[in-house]
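One structure is given below, encoded as structure tokens.
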Amino acid sequence: MSQILSVWIEEGCITCDACQETCPEVFSVTDDTCFIIADVRTDGKFDQNEGQATIKVEIGTELADDIVDAAEGCPVEVIKFTTGESTDAPVEEAAPAVEVVAEEVEEKDDSAIEIPASLLEGNRDLMILFGSQSGNCEDLAATTAKIAEQVSLNATVVDMAEADLATIASQKRVMIICSTWGEGEMPDNAQALWDAAIGAGAPSFSGVNFNVCALGDTSYDQYCESGKNWDDQFEAMGASRVATRVDCDVDYEPAWKLWLPEALGALASIDSSGTMQQEYVSAFIEILSPKKKSAGAVAASGIEQPDIEVSLSIFRYNPLMAESGRDTYDVTVPGHASLQDVLVMLKETQDGSLTFRTSSGAGSNPLCGLSVNGNLVLADCVRMIDLMAGAGEPAKIRIEPLPGHQILKDLYVSTKALDVSRERAKPWLRTIDRVGANTPQGTVIGVMSSTKATALHAMNDLVSDHLLHSLSETVPHNPSYLGPAVLNRLWVKVNDPRISKDCKEEMREILQGTDGVWAESDLGVMARFGRMGQRASQNYNDCRSELLRAHRFAGKSGRHVKWFCKTVKSSGTLNETILAAQTMGPIGAIANLPATLRMALGFTRTGGPMVRDLQGWIAPGKMPPIINKSVHDHHEVVALFNEFDKRF
Ligand SMILES: Cc1cc2nc3c(=O)[nH]c(=O)nc-3n(C[C@H](O)[C@H](O)[C@H](O)COP(=O)(O)O)c2cc1C
Ligand code: SF4
């Protein structure tokens, strides 16, 4: 089993708390940054662990998945770690031959061609030369150097201002990452080296294998001119180009990312004598390529759908600048691709900074919910073809983060509000002593009737707490309201026969309280969100009915419901006149004389002819809205009030 050897935090933490929420045993977020907790480290320090000290074996093994989740969930991708094979031996002895950097943790199938150990021995130096004015190329060079470790290259990042031609000429592997400035000019730090390279007396680069990553901006006439110049010049000086140059526009990261496996793979295939071992290039590329959760993988399942042309309008939020807006991409994607496949594809090819939660399998991570054209979906479960209904012609899809949760970056939301509600309500089981039964294995288990167990399971069939929390119209406007996810869990627990009496009472009080089930403004909205919404609103209605009964129809709402039910019971339909008279009572009837007169004269609307409305001229008075409808169950009455009267 793979284990984490060390974990550290690079510069740029935005103290969003996400990692601490995911793995509090390892990450602790301070006011300024995130620390790796002393207890889990072999050096016992409490800091960002920039020195990359190892973590304890048991932590690296038991919490490996949580650490990976935290790293993947970090919106600014500053959590890094190394992995290796788990072993009982101390960590120091378990150091792997090839370390894996956090972003590239997917399993690789490099079994097809085995790379000989001899190729990984001897000189494995790689010089990464950068020419940079504002730091982009320098950053890319540093990241490239780390990734190069995956293919056992010892990379050294060299500022062109400090490089000399003789040293370059002695290298076997060189990568150039250079931007263009002015009007097609070298960045300042590259100018002297360039002048020397094109000057008389420049050495031969005949033993050098190289490739070039050029950064630029297509809005300039001389696009990526410096990179092109270096590419030509190295060749002119006798160096061998391995992998074609990549020209990267302003949003340079996706293009660089796509190019890197091929470029590093080629350089890694050069043996210590400087000879290219072509047959191993693909094996190195395989190691360096992140395994795609691509549409192709979905196609393999055999459920293919035709391609779809769609315009995706994606919500963006940059927490560093506190700026929000939308990005629009016109794409053609397979209809069977999941929404998550498409977002991953956009991140890899268009904008590496796009941030969202992912899931490793259909529905396995309920946190990857998104709002698509106002509907809440799990991004890894929903196919693009299924999103086309209501997307219009040409198809347009608006993708937004889950409502009701705090947005950390782009489509990535915090689960904190829900966690706080959960912490307040404590919707977990505190049991009574129960009758047990002996199993054939000799262990004792609690018993529950299968009917009850089935009913509880049905009530609890709610897919995702985070989606459910977002279904509510009230949550975004009432921060103290506990929300449907927590309240549904409470209601299920109240119905669980294993719960203790005290616990049940406590939960009922929370359900009945100001932040409980009565605070939800409109169950109709919830019920429109498919099976989960219907289940949740049914739970609300059942819970409200039960609470009304338990509190003997006390309070304004209780009184209405009580008489509502009585009128329905006696007439089969709702009679608003009786309802109004009964709920107003004698004093209310005198105080509202015009309305009482209308009722006494039979002017109220009970489905009669329209002309009756005109009788209001004779006896004016404000009547409650009419509801003239057959109802069968008490909870339907409550639902009618929700729909028409907005009293609950
Ligand atoms: C003043 C200025 C001049 C630029 N001139 C060019 C140019 O002539 N050709 C080009 O392709 N890009 C040009 N660029 C774009 C840069 O090469 C690009 O922003 C690059 O990512 C900068 O990388 P660096 O931070 O490593 O220098 C220019 C940018 C600026 C700000
Ligand atoms: S998830 Fe990333 S940005 Fe957020 S606190 Fe942790 S390290 Fe910092």
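Following the order of the structure tokens, first chain is A, next is B, and so on, with residues numbered from 1 inside each chain and ligands from 1 in the order they appear.
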Can you tell me, as a tab-separated table (two decimals) with N, CA and C atoms, in the first residue's frame, what residues are no more than 8 Å from range 277-285 of chain A when counting only C-alpha atoms, ignoring any on the same chain fewer than 2 positions away?
```tsv
chain	number	residue	atom	x	y	z
A	110	ASP	N	2.84	1.91	-16.24
A	110	ASP	CA	4.09	1.95	-16.99
A	110	ASP	C	4.68	0.56	-17.08
A	112	ALA	N	4.12	-1.66	-19.32
A	112	ALA	CA	4.33	-2.18	-20.66
A	112	ALA	C	5.82	-2.23	-21.01
A	113	ILE	N	6.54	-1.13	-20.75
A	113	ILE	CA	7.98	-1.11	-21.05
A	113	ILE	C	8.71	-0.85	-19.75
A	114	GLU	N	9.61	-1.74	-19.42
A	114	GLU	CA	10.34	-1.55	-18.16
A	114	GLU	C	11.59	-0.72	-18.42
A	115	ILE	N	11.76	0.31	-17.61
A	115	ILE	CA	12.93	1.17	-17.80
A	115	ILE	C	14.11	0.50	-17.09
A	151	VAL	N	11.11	11.32	-12.82
A	151	VAL	CA	11.81	10.46	-13.78
A	151	VAL	C	13.30	10.45	-13.48
A	261	PRO	N	5.22	16.38	-20.21
A	261	PRO	CA	5.56	14.95	-20.21
A	261	PRO	C	6.43	14.56	-21.40
A	262	GLU	N	6.10	15.11	-22.57
A	262	GLU	CA	6.87	14.76	-23.76
A	262	GLU	C	8.29	15.33	-23.66
A	264	LEU	N	10.03	16.39	-20.88
A	264	LEU	CA	10.84	15.76	-19.82
A	264	LEU	C	11.09	14.29	-20.13
A	265	GLY	N	10.08	13.65	-20.73
A	265	GLY	CA	10.22	12.23	-21.08
A	265	GLY	C	11.39	12.03	-22.03
A	266	ALA	N	11.51	12.95	-23.00
A	266	ALA	CA	12.60	12.84	-23.98
A	266	ALA	C	13.95	13.07	-23.29
A	268	ALA	N	14.63	12.63	-20.17
A	268	ALA	CA	14.90	11.54	-19.24
A	268	ALA	C	15.41	10.29	-19.96
A	269	SER	N	15.11	10.20	-21.25
A	269	SER	CA	15.51	9.01	-22.01
A	269	SER	C	16.96	9.10	-22.50
A	270	ILE	N	17.60	10.19	-22.18
A	270	ILE	CA	19.01	10.33	-22.58
A	270	ILE	C	19.88	9.69	-21.51
A	271	ASP	N	20.68	8.76	-21.90
A	271	ASP	CA	21.47	8.03	-20.90
A	271	ASP	C	22.68	8.83	-20.46
A	275	THR	N	23.35	9.64	-24.98
A	275	THR	CA	22.68	9.02	-26.12
A	275	THR	C	21.18	8.88	-25.83
A	287	ILE	N	4.83	7.84	-17.10
A	287	ILE	CA	5.04	8.18	-15.68
A	287	ILE	C	4.64	9.62	-15.40
A	288	LEU	N	4.93	10.49	-16.37
A	288	LEU	CA	4.72	11.92	-16.14
A	288	LEU	C	3.30	12.39	-16.44
A	289	SER	N	2.54	11.57	-17.17
A	289	SER	CA	1.20	12.02	-17.55
A	289	SER	C	0.22	11.72	-16.45
```
**OP:** Enumerate residues in contact with ligand 1: an atom-to-atom distance of at most 9 Å, counting only C-alpha atoms and all ligand atoms. Format the result as a VMD selection string.
**Re:** chain A and resid 130 to 140 177 to 187 214 to 227 247 to 252
Take the selection from the previous step and output its residues with N, CA and C atoms, as a CSV table (one decimal), in the first residue's frame.
```csv
chain,number,residue,atom,x,y,z
A,130,PHE,N,16.3,29.6,-17.2
A,130,PHE,CA,15.1,30.5,-17.4
A,130,PHE,C,15.5,31.9,-17.7
A,131,GLY,N,14.7,32.5,-18.7
A,131,GLY,CA,14.8,33.9,-19.0
A,131,GLY,C,13.5,34.5,-18.6
A,132,SER,N,13.5,35.4,-17.7
A,132,SER,CA,12.2,35.8,-17.1
A,132,SER,C,12.2,37.3,-16.7
A,133,GLN,N,11.2,38.1,-17.0
A,133,GLN,CA,11.2,39.4,-16.6
A,133,GLN,C,10.3,39.6,-15.3
A,134,SER,N,9.1,39.0,-15.4
A,134,SER,CA,8.2,39.2,-14.2
A,134,SER,C,7.9,37.9,-13.5
A,135,GLY,N,8.7,36.9,-13.7
A,135,GLY,CA,8.7,35.7,-12.8
A,135,GLY,C,8.0,34.5,-13.3
A,136,ASN,N,7.2,34.6,-14.4
A,136,ASN,CA,6.4,33.4,-14.8
A,136,ASN,C,7.3,32.3,-15.2
A,137,CYS,N,8.4,32.6,-16.0
A,137,CYS,CA,9.2,31.5,-16.4
A,137,CYS,C,10.0,30.9,-15.3
A,138,GLU,N,10.4,31.8,-14.3
A,138,GLU,CA,11.1,31.3,-13.2
A,138,GLU,C,10.3,30.3,-12.4
A,139,ASP,N,9.0,30.7,-12.2
A,139,ASP,CA,8.1,29.8,-11.5
A,139,ASP,C,8.0,28.4,-12.2
A,140,LEU,N,7.8,28.5,-13.5
A,140,LEU,CA,7.6,27.3,-14.3
A,140,LEU,C,8.9,26.4,-14.2
A,177,ILE,N,13.4,27.8,-20.6
A,177,ILE,CA,12.0,28.4,-20.5
A,177,ILE,C,12.2,29.9,-20.5
A,178,CYS,N,11.7,30.5,-21.5
A,178,CYS,CA,12.1,31.9,-21.7
A,178,CYS,C,10.9,32.7,-22.3
A,179,SER,N,10.7,33.9,-21.7
A,179,SER,CA,9.6,34.8,-22.2
A,179,SER,C,10.2,35.8,-23.2
A,180,THR,N,9.2,36.6,-23.8
A,180,THR,CA,9.6,37.6,-24.7
A,180,THR,C,9.1,39.0,-24.2
A,181,TRP,N,10.0,40.0,-24.3
A,181,TRP,CA,9.6,41.3,-23.8
A,181,TRP,C,9.8,42.4,-24.8
A,182,GLY,N,9.4,43.6,-24.5
A,182,GLY,CA,9.6,44.8,-25.4
A,182,GLY,C,8.8,44.4,-26.7
A,183,GLU,N,9.5,44.6,-27.8
A,183,GLU,CA,8.9,44.2,-29.1
A,183,GLU,C,9.7,43.0,-29.6
A,184,GLY,N,9.4,41.8,-29.1
A,184,GLY,CA,10.2,40.7,-29.5
A,184,GLY,C,11.6,40.6,-29.0
A,185,GLU,N,11.8,41.1,-27.8
A,185,GLU,CA,13.1,41.1,-27.2
A,185,GLU,C,13.3,40.1,-26.1
A,186,MET,N,14.6,39.9,-25.8
A,186,MET,CA,14.9,39.0,-24.7
A,186,MET,C,14.5,39.7,-23.3
A,187,PRO,N,14.1,38.9,-22.3
A,187,PRO,CA,14.0,39.6,-21.0
A,187,PRO,C,15.4,40.0,-20.5
A,214,ALA,N,8.5,28.4,-24.7
A,214,ALA,CA,8.5,29.9,-24.9
A,214,ALA,C,7.2,30.5,-24.4
A,215,LEU,N,7.4,31.5,-23.6
A,215,LEU,CA,6.2,32.2,-23.1
A,215,LEU,C,6.0,33.6,-23.8
A,216,GLY,N,4.8,33.9,-24.1
A,216,GLY,CA,4.6,35.2,-24.8
A,216,GLY,C,3.1,35.6,-24.7
A,217,ASP,N,2.8,36.4,-25.7
A,217,ASP,CA,1.4,36.9,-25.7
A,217,ASP,C,1.1,37.2,-27.2
A,218,THR,N,0.0,36.5,-27.6
A,218,THR,CA,-0.4,36.5,-29.1
A,218,THR,C,-0.8,37.9,-29.5
A,219,SER,N,-1.0,38.8,-28.5
A,219,SER,CA,-1.4,40.2,-29.0
A,219,SER,C,-0.2,41.0,-29.5
A,220,TYR,N,1.0,40.4,-29.3
A,220,TYR,CA,2.2,41.1,-29.8
A,220,TYR,C,2.6,40.5,-31.2
A,221,ASP,N,3.1,41.4,-32.0
A,221,ASP,CA,3.5,40.9,-33.4
A,221,ASP,C,4.5,39.8,-33.3
A,222,GLN,N,5.5,40.0,-32.5
A,222,GLN,CA,6.6,39.1,-32.4
A,222,GLN,C,6.3,38.0,-31.3
A,223,TYR,N,5.4,37.2,-31.6
A,223,TYR,CA,4.9,36.2,-30.6
A,223,TYR,C,6.0,35.2,-30.2
A,224,CYS,N,6.3,35.1,-28.9
A,224,CYS,CA,7.3,34.2,-28.4
A,224,CYS,C,8.6,34.2,-29.2
A,225,GLU,N,9.0,35.4,-29.6
A,225,GLU,CA,10.2,35.6,-30.4
A,225,GLU,C,11.5,35.1,-29.7
A,226,SER,N,11.6,35.4,-28.4
A,226,SER,CA,12.9,35.0,-27.7
A,226,SER,C,13.0,33.5,-27.7
A,227,GLY,N,11.9,32.8,-27.4
A,227,GLY,CA,11.9,31.3,-27.3
A,227,GLY,C,12.3,30.7,-28.6
A,247,ASP,N,4.9,27.0,-27.6
A,247,ASP,CA,4.7,28.5,-27.5
A,247,ASP,C,3.5,28.7,-26.6
A,248,CYS,N,3.6,29.3,-25.5
A,248,CYS,CA,2.5,29.5,-24.6
A,248,CYS,C,2.0,30.9,-24.5
A,249,ASP,N,0.7,31.0,-24.7
A,249,ASP,CA,0.1,32.4,-24.6
A,249,ASP,C,0.0,32.9,-23.2
A,250,VAL,N,-0.7,34.0,-23.0
A,250,VAL,CA,-0.8,34.6,-21.6
A,250,VAL,C,-1.2,33.6,-20.5
A,251,ASP,N,-2.2,32.8,-20.8
A,251,ASP,CA,-2.6,31.7,-19.9
A,251,ASP,C,-1.7,30.5,-20.2
A,252,TYR,N,-0.5,30.6,-19.7
A,252,TYR,CA,0.6,29.7,-20.2
A,252,TYR,C,0.6,28.3,-19.6
```
Original post:
Hey, which residues come within 8 Å of ligand 2 if we count only C-alpha atoms and all ligand atoms? Could you give them as a ChimeraX atom specification?
Top reply: /A:9-10,12-20,27-29,33-34,70-71,73-79
Save out the residues we just selected, N, CA, C and O atoms, as an mmCIF file, in the first residue's frame.
```cif
data_model
loop_
_atom_site.group_PDB
_atom_site.id
_atom_site.type_symbol
_atom_site.label_atom_id
_atom_site.label_comp_id
_atom_site.auth_asym_id
_atom_site.auth_seq_id
_atom_site.Cartn_x
_atom_site.Cartn_y
_atom_site.Cartn_z
ATOM 1 N N ILE A 9 3.772 22.611 3.202
ATOM 2 C CA ILE A 9 2.941 23.670 2.629
ATOM 3 C C ILE A 9 3.855 24.679 1.937
ATOM 4 O O ILE A 9 4.769 25.218 2.564
ATOM 5 N N GLU A 10 3.584 24.935 0.669
ATOM 6 C CA GLU A 10 4.378 25.940 -0.037
ATOM 7 C C GLU A 10 3.779 27.327 0.169
ATOM 8 O O GLU A 10 2.696 27.467 0.728
ATOM 9 N N GLY A 12 1.789 30.731 -0.350
ATOM 10 C CA GLY A 12 0.543 31.056 -1.060
ATOM 11 C C GLY A 12 -0.714 30.556 -0.387
ATOM 12 O O GLY A 12 -1.805 30.677 -0.939
ATOM 13 N N CYS A 13 -0.581 29.978 0.829
ATOM 14 C CA CYS A 13 -1.773 29.490 1.542
ATOM 15 C C CYS A 13 -2.727 30.663 1.797
ATOM 16 O O CYS A 13 -2.307 31.741 2.203
ATOM 17 N N ILE A 14 -4.016 30.449 1.533
ATOM 18 C CA ILE A 14 -4.991 31.527 1.738
ATOM 19 C C ILE A 14 -5.807 31.292 3.013
ATOM 20 O O ILE A 14 -6.867 31.867 3.201
ATOM 21 N N THR A 15 -5.298 30.415 3.863
ATOM 22 C CA THR A 15 -5.905 30.096 5.170
ATOM 23 C C THR A 15 -7.414 29.876 5.077
ATOM 24 O O THR A 15 -8.195 30.455 5.826
ATOM 25 N N CYS A 16 -7.788 29.022 4.130
ATOM 26 C CA CYS A 16 -9.219 28.781 3.923
ATOM 27 C C CYS A 16 -9.759 27.699 4.857
ATOM 28 O O CYS A 16 -10.958 27.451 4.900
ATOM 29 N N ASP A 17 -8.880 27.010 5.572
ATOM 30 C CA ASP A 17 -9.266 25.965 6.533
ATOM 31 C C ASP A 17 -9.659 24.634 5.902
ATOM 32 O O ASP A 17 -9.967 23.684 6.615
ATOM 33 N N ALA A 18 -9.694 24.567 4.571
ATOM 34 C CA ALA A 18 -10.205 23.342 3.943
ATOM 35 C C ALA A 18 -9.399 22.112 4.358
ATOM 36 O O ALA A 18 -9.965 21.058 4.652
ATOM 37 N N CYS A 19 -8.068 22.238 4.397
ATOM 38 C CA CYS A 19 -7.252 21.061 4.717
ATOM 39 C C CYS A 19 -7.481 20.631 6.162
ATOM 40 O O CYS A 19 -7.548 19.442 6.469
ATOM 41 N N GLN A 20 -7.628 21.611 7.038
ATOM 42 C CA GLN A 20 -7.857 21.284 8.448
ATOM 43 C C GLN A 20 -9.187 20.570 8.626
ATOM 44 O O GLN A 20 -9.323 19.666 9.437
ATOM 45 N N PHE A 27 -3.134 18.807 9.549
ATOM 46 C CA PHE A 27 -3.046 20.220 9.171
ATOM 47 C C PHE A 27 -3.660 21.110 10.248
ATOM 48 O O PHE A 27 -4.729 20.798 10.781
ATOM 49 N N SER A 28 -2.968 22.196 10.531
ATOM 50 C CA SER A 28 -3.516 23.173 11.470
ATOM 51 C C SER A 28 -3.349 24.554 10.842
ATOM 52 O O SER A 28 -2.235 24.970 10.521
ATOM 53 N N VAL A 29 -4.463 25.238 10.633
ATOM 54 C CA VAL A 29 -4.401 26.528 9.942
ATOM 55 C C VAL A 29 -4.290 27.643 10.980
ATOM 56 O O VAL A 29 -5.106 27.738 11.898
ATOM 57 N N THR A 33 -0.954 31.160 7.825
ATOM 58 C CA THR A 33 -0.677 30.074 6.883
ATOM 59 C C THR A 33 -1.131 28.753 7.492
ATOM 60 O O THR A 33 -1.860 28.734 8.485
ATOM 61 N N CYS A 34 -0.680 27.677 6.903
ATOM 62 C CA CYS A 34 -1.066 26.360 7.401
ATOM 63 C C CYS A 34 0.186 25.636 7.906
ATOM 64 O O CYS A 34 1.240 25.730 7.281
ATOM 65 N N ALA A 70 -6.883 16.250 1.115
ATOM 66 C CA ALA A 70 -6.629 17.642 1.510
ATOM 67 C C ALA A 70 -5.814 18.350 0.434
ATOM 68 O O ALA A 70 -6.100 19.500 0.081
ATOM 69 N N ALA A 71 -4.802 17.653 -0.106
ATOM 70 C CA ALA A 71 -3.962 18.275 -1.144
ATOM 71 C C ALA A 71 -4.788 18.563 -2.392
ATOM 72 O O ALA A 71 -4.690 19.631 -2.992
ATOM 73 N N GLY A 73 -7.899 19.029 -2.475
ATOM 74 C CA GLY A 73 -8.938 20.009 -2.180
ATOM 75 C C GLY A 73 -8.394 21.408 -1.934
ATOM 76 O O GLY A 73 -9.159 22.360 -1.833
ATOM 77 N N CYS A 74 -7.084 21.546 -1.815
ATOM 78 C CA CYS A 74 -6.511 22.873 -1.536
ATOM 79 C C CYS A 74 -6.760 23.779 -2.744
ATOM 80 O O CYS A 74 -6.287 23.499 -3.844
ATOM 81 N N PRO A 75 -7.514 24.862 -2.570
ATOM 82 C CA PRO A 75 -7.888 25.672 -3.732
ATOM 83 C C PRO A 75 -6.709 26.336 -4.420
ATOM 84 O O PRO A 75 -6.793 26.672 -5.586
ATOM 85 N N VAL A 76 -5.604 26.546 -3.686
ATOM 86 C CA VAL A 76 -4.456 27.184 -4.340
ATOM 87 C C VAL A 76 -3.297 26.205 -4.530
ATOM 88 O O VAL A 76 -2.178 26.595 -4.861
ATOM 89 N N GLU A 77 -3.579 24.925 -4.307
ATOM 90 C CA GLU A 77 -2.644 23.834 -4.610
ATOM 91 C C GLU A 77 -1.266 24.031 -3.988
ATOM 92 O O GLU A 77 -0.245 23.873 -4.647
ATOM 93 N N VAL A 78 -1.242 24.402 -2.708
ATOM 94 C CA VAL A 78 0.067 24.598 -2.069
ATOM 95 C C VAL A 78 0.461 23.432 -1.164
ATOM 96 O O VAL A 78 1.536 23.440 -0.585
ATOM 97 N N ILE A 79 -0.425 22.449 -1.024
ATOM 98 C CA ILE A 79 -0.062 21.288 -0.201
ATOM 99 C C ILE A 79 0.682 20.294 -1.086
ATOM 100 O O ILE A 79 0.157 19.855 -2.108
#
```
**OP:** Within 8 Å of range 323-327 of chain A, counting only C-alpha atoms, which residues show up once you throw out same-chain ones fewer than 3 positions away? Write them as an NGL selection string, please.
**Re:** :A and (312-320)
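Using only C-alpha atoms for every distance, the candidate list A:Gln340, A:Gln191, A:Asn460, A:Thr54 yields A:Asn460 as the residue closest to Asn539 in chain A.
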Original post:
Quick one: DSSP alpha helix (DSSP H) residues in range 132-272 of chain A, as a ChimeraX atom specification?
Top reply: /A:136-148,165-169,188-198,225-236,252-268
Original post:
Could you pull out the strand (DSSP E) residues of range 1-40 of chain A from DSSP and send them as an MDAnalysis selection string?
Top reply: chainID A and resid 2:9 27:29 34:36
Original post:
Could you name the residues that touch Thr415 in chain A at 7 Å or less, counting only C-alpha atoms, but leaving out those on the same chain fewer than 3 positions away, as a ChimeraX atom specification?
Top reply: /A:405,418-419
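Among the candidates A:Glu62, A:Asp125, A:Asp496, A:Asp232, the one nearest to Val174 in chain A when counting only C-alpha atoms is A:Asp125.
Interatomic distance, CA of Asp164 in chain A to CA of Ala200 in chain A: 14.5 Å.
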Determine, counting only C-alpha atoms, which protein, DNA and RNA residues have an atom within 12 Å of an atom of Ser472 in chain A; residues of the same chain fewer than 5 positions away are not included. Present the result as a CSV table (one decimal) with N, CA, C and O atoms, in the first residue's frame.
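Output saved as result15.csv:
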```
chain,number,residue,atom,x,y,z
A,376,LEU,N,-29.5,21.2,-8.8
A,376,LEU,CA,-28.4,20.7,-8.1
A,376,LEU,C,-28.0,19.3,-8.5
A,376,LEU,O,-28.9,18.5,-8.6
A,402,LEU,N,-22.5,25.4,-5.2
A,402,LEU,CA,-23.7,25.1,-4.4
A,402,LEU,C,-24.1,26.3,-3.6
A,402,LEU,O,-23.3,26.9,-2.9
A,403,PRO,N,-25.4,26.7,-3.7
A,403,PRO,CA,-25.9,27.8,-2.9
A,403,PRO,C,-25.9,27.4,-1.4
A,403,PRO,O,-25.9,26.2,-1.1
A,404,GLY,N,-25.9,28.4,-0.6
A,404,GLY,CA,-26.0,28.1,0.8
A,404,GLY,C,-24.7,27.8,1.5
A,404,GLY,O,-24.7,27.5,2.7
A,405,HIS,N,-23.6,27.6,0.7
A,405,HIS,CA,-22.3,27.4,1.3
A,405,HIS,C,-21.4,28.5,1.0
A,405,HIS,O,-21.5,29.2,-0.1
A,465,ASP,N,-25.8,15.3,2.1
A,465,ASP,CA,-26.2,16.4,3.0
A,465,ASP,C,-25.8,17.8,2.4
A,465,ASP,O,-26.5,18.8,2.7
A,466,HIS,N,-24.8,17.9,1.6
A,466,HIS,CA,-24.3,19.2,1.1
A,466,HIS,C,-25.3,19.7,0.0
A,466,HIS,O,-25.6,20.8,0.0
A,467,LEU,N,-25.8,18.7,-0.8
A,467,LEU,CA,-26.8,19.1,-1.8
A,467,LEU,C,-28.1,19.5,-1.1
A,467,LEU,O,-28.7,20.5,-1.4
A,477,HIS,N,-30.5,33.1,3.5
A,477,HIS,CA,-30.9,34.3,4.1
A,477,HIS,C,-31.0,34.3,5.6
A,477,HIS,O,-31.2,35.3,6.3
A,478,ASN,N,-30.9,33.1,6.2
A,478,ASN,CA,-31.0,33.0,7.7
A,478,ASN,C,-29.9,32.1,8.2
A,478,ASN,O,-29.9,30.9,8.3
A,479,PRO,N,-28.8,32.8,8.6
A,479,PRO,CA,-27.6,32.1,9.0
A,479,PRO,C,-27.8,31.2,10.2
A,479,PRO,O,-27.0,30.2,10.4
A,481,TYR,N,-30.5,29.5,10.9
A,481,TYR,CA,-31.4,28.3,10.6
A,481,TYR,C,-30.5,27.1,10.4
A,481,TYR,O,-29.5,27.1,9.7
A,482,LEU,N,-30.9,26.0,11.0
A,482,LEU,CA,-30.1,24.8,10.9
A,482,LEU,C,-30.0,24.1,9.5
A,482,LEU,O,-29.1,23.4,9.2
A,483,GLY,N,-31.1,24.3,8.8
A,483,GLY,CA,-31.0,23.8,7.4
A,483,GLY,C,-31.6,22.4,7.3
A,483,GLY,O,-31.6,21.6,8.2
A,484,PRO,N,-32.0,22.0,6.0
A,484,PRO,CA,-32.7,20.7,5.9
A,484,PRO,C,-31.8,19.5,6.1
A,484,PRO,O,-32.4,18.5,6.5
A,485,ALA,N,-30.5,19.6,5.8
A,485,ALA,CA,-29.7,18.4,6.0
A,485,ALA,C,-29.7,18.0,7.5
A,485,ALA,O,-30.0,16.8,7.8
A,486,VAL,N,-29.4,19.0,8.3
A,486,VAL,CA,-29.3,18.6,9.8
A,486,VAL,C,-30.7,18.3,10.3
A,486,VAL,O,-30.8,17.3,11.1
A,487,LEU,N,-31.7,19.0,9.9
A,487,LEU,CA,-33.0,18.8,10.5
A,487,LEU,C,-33.6,17.4,10.1
A,487,LEU,O,-34.2,16.7,10.8
A,517,VAL,N,-37.7,23.2,12.1
A,517,VAL,CA,-38.5,23.0,10.9
A,517,VAL,C,-39.4,24.1,10.5
A,517,VAL,O,-39.8,24.2,9.3
A,519,ALA,N,-38.8,27.2,10.4
A,519,ALA,CA,-38.1,28.3,9.8
A,519,ALA,C,-37.9,28.1,8.3
A,519,ALA,O,-37.6,29.1,7.6
A,520,GLU,N,-38.2,26.9,7.8
A,520,GLU,CA,-38.1,26.8,6.3
A,520,GLU,C,-39.2,27.5,5.7
A,520,GLU,O,-40.4,27.2,6.0
A,521,SER,N,-38.9,28.3,4.7
A,521,SER,CA,-40.0,29.2,4.2
A,521,SER,C,-40.9,28.5,3.1
A,521,SER,O,-42.1,28.7,3.1
A,522,ASP,N,-40.3,27.6,2.3
A,522,ASP,CA,-41.1,27.1,1.2
A,522,ASP,C,-40.7,25.6,0.9
A,522,ASP,O,-39.7,25.4,0.3
A,523,LEU,N,-41.5,24.7,1.4
A,523,LEU,CA,-41.2,23.3,1.1
A,523,LEU,C,-41.4,23.0,-0.4
A,523,LEU,O,-40.8,22.0,-0.9
A,524,GLY,N,-42.3,23.8,-1.0
A,524,GLY,CA,-42.5,23.5,-2.5
A,524,GLY,C,-41.3,23.6,-3.3
A,524,GLY,O,-41.1,22.8,-4.2
A,525,VAL,N,-40.4,24.5,-3.0
A,525,VAL,CA,-39.2,24.7,-3.7
A,525,VAL,C,-38.3,23.4,-3.6
A,525,VAL,O,-37.8,22.9,-4.5
A,526,MET,N,-38.2,23.0,-2.3
A,526,MET,CA,-37.4,21.8,-2.0
A,526,MET,C,-38.0,20.6,-2.8
A,526,MET,O,-37.3,19.8,-3.4
A,527,ALA,N,-39.3,20.4,-2.8
A,527,ALA,CA,-39.9,19.2,-3.4
A,527,ALA,C,-39.7,19.2,-4.9
A,527,ALA,O,-39.8,18.1,-5.5
A,528,ARG,N,-39.4,20.3,-5.5
A,528,ARG,CA,-39.2,20.3,-6.9
A,528,ARG,C,-37.9,19.7,-7.3
A,528,ARG,O,-37.6,19.4,-8.5
A,529,PHE,N,-36.9,19.5,-6.3
A,529,PHE,CA,-35.6,19.0,-6.7
A,529,PHE,C,-35.6,17.4,-6.6
A,529,PHE,O,-34.9,16.8,-5.8
A,533,GLY,N,-35.4,15.9,-2.9
A,533,GLY,CA,-36.2,17.0,-2.4
A,533,GLY,C,-37.5,16.6,-2.0
A,533,GLY,O,-38.0,17.1,-0.9
A,536,ALA,N,-37.2,14.9,1.4
A,536,ALA,CA,-36.9,15.8,2.4
A,536,ALA,C,-38.2,16.6,2.8
A,536,ALA,O,-38.5,16.8,4.0
A,537,SER,N,-38.9,17.0,1.8
A,537,SER,CA,-40.1,17.8,2.1
A,537,SER,C,-41.2,16.9,2.8
A,537,SER,O,-41.9,17.4,3.7
A,540,TYR,N,-40.2,16.8,6.3
A,540,TYR,CA,-40.6,18.1,7.0
A,540,TYR,C,-42.1,18.0,7.4
A,540,TYR,O,-42.5,18.4,8.5
```
Original post:
Near Glu50 in chain A, counting only C-alpha atoms, which residues have an atom at most 10 Å away, once you skip same-chain residues fewer than 4 positions from it, shown as a ChimeraX atom specification?
Top reply: /A:7-11,35-36
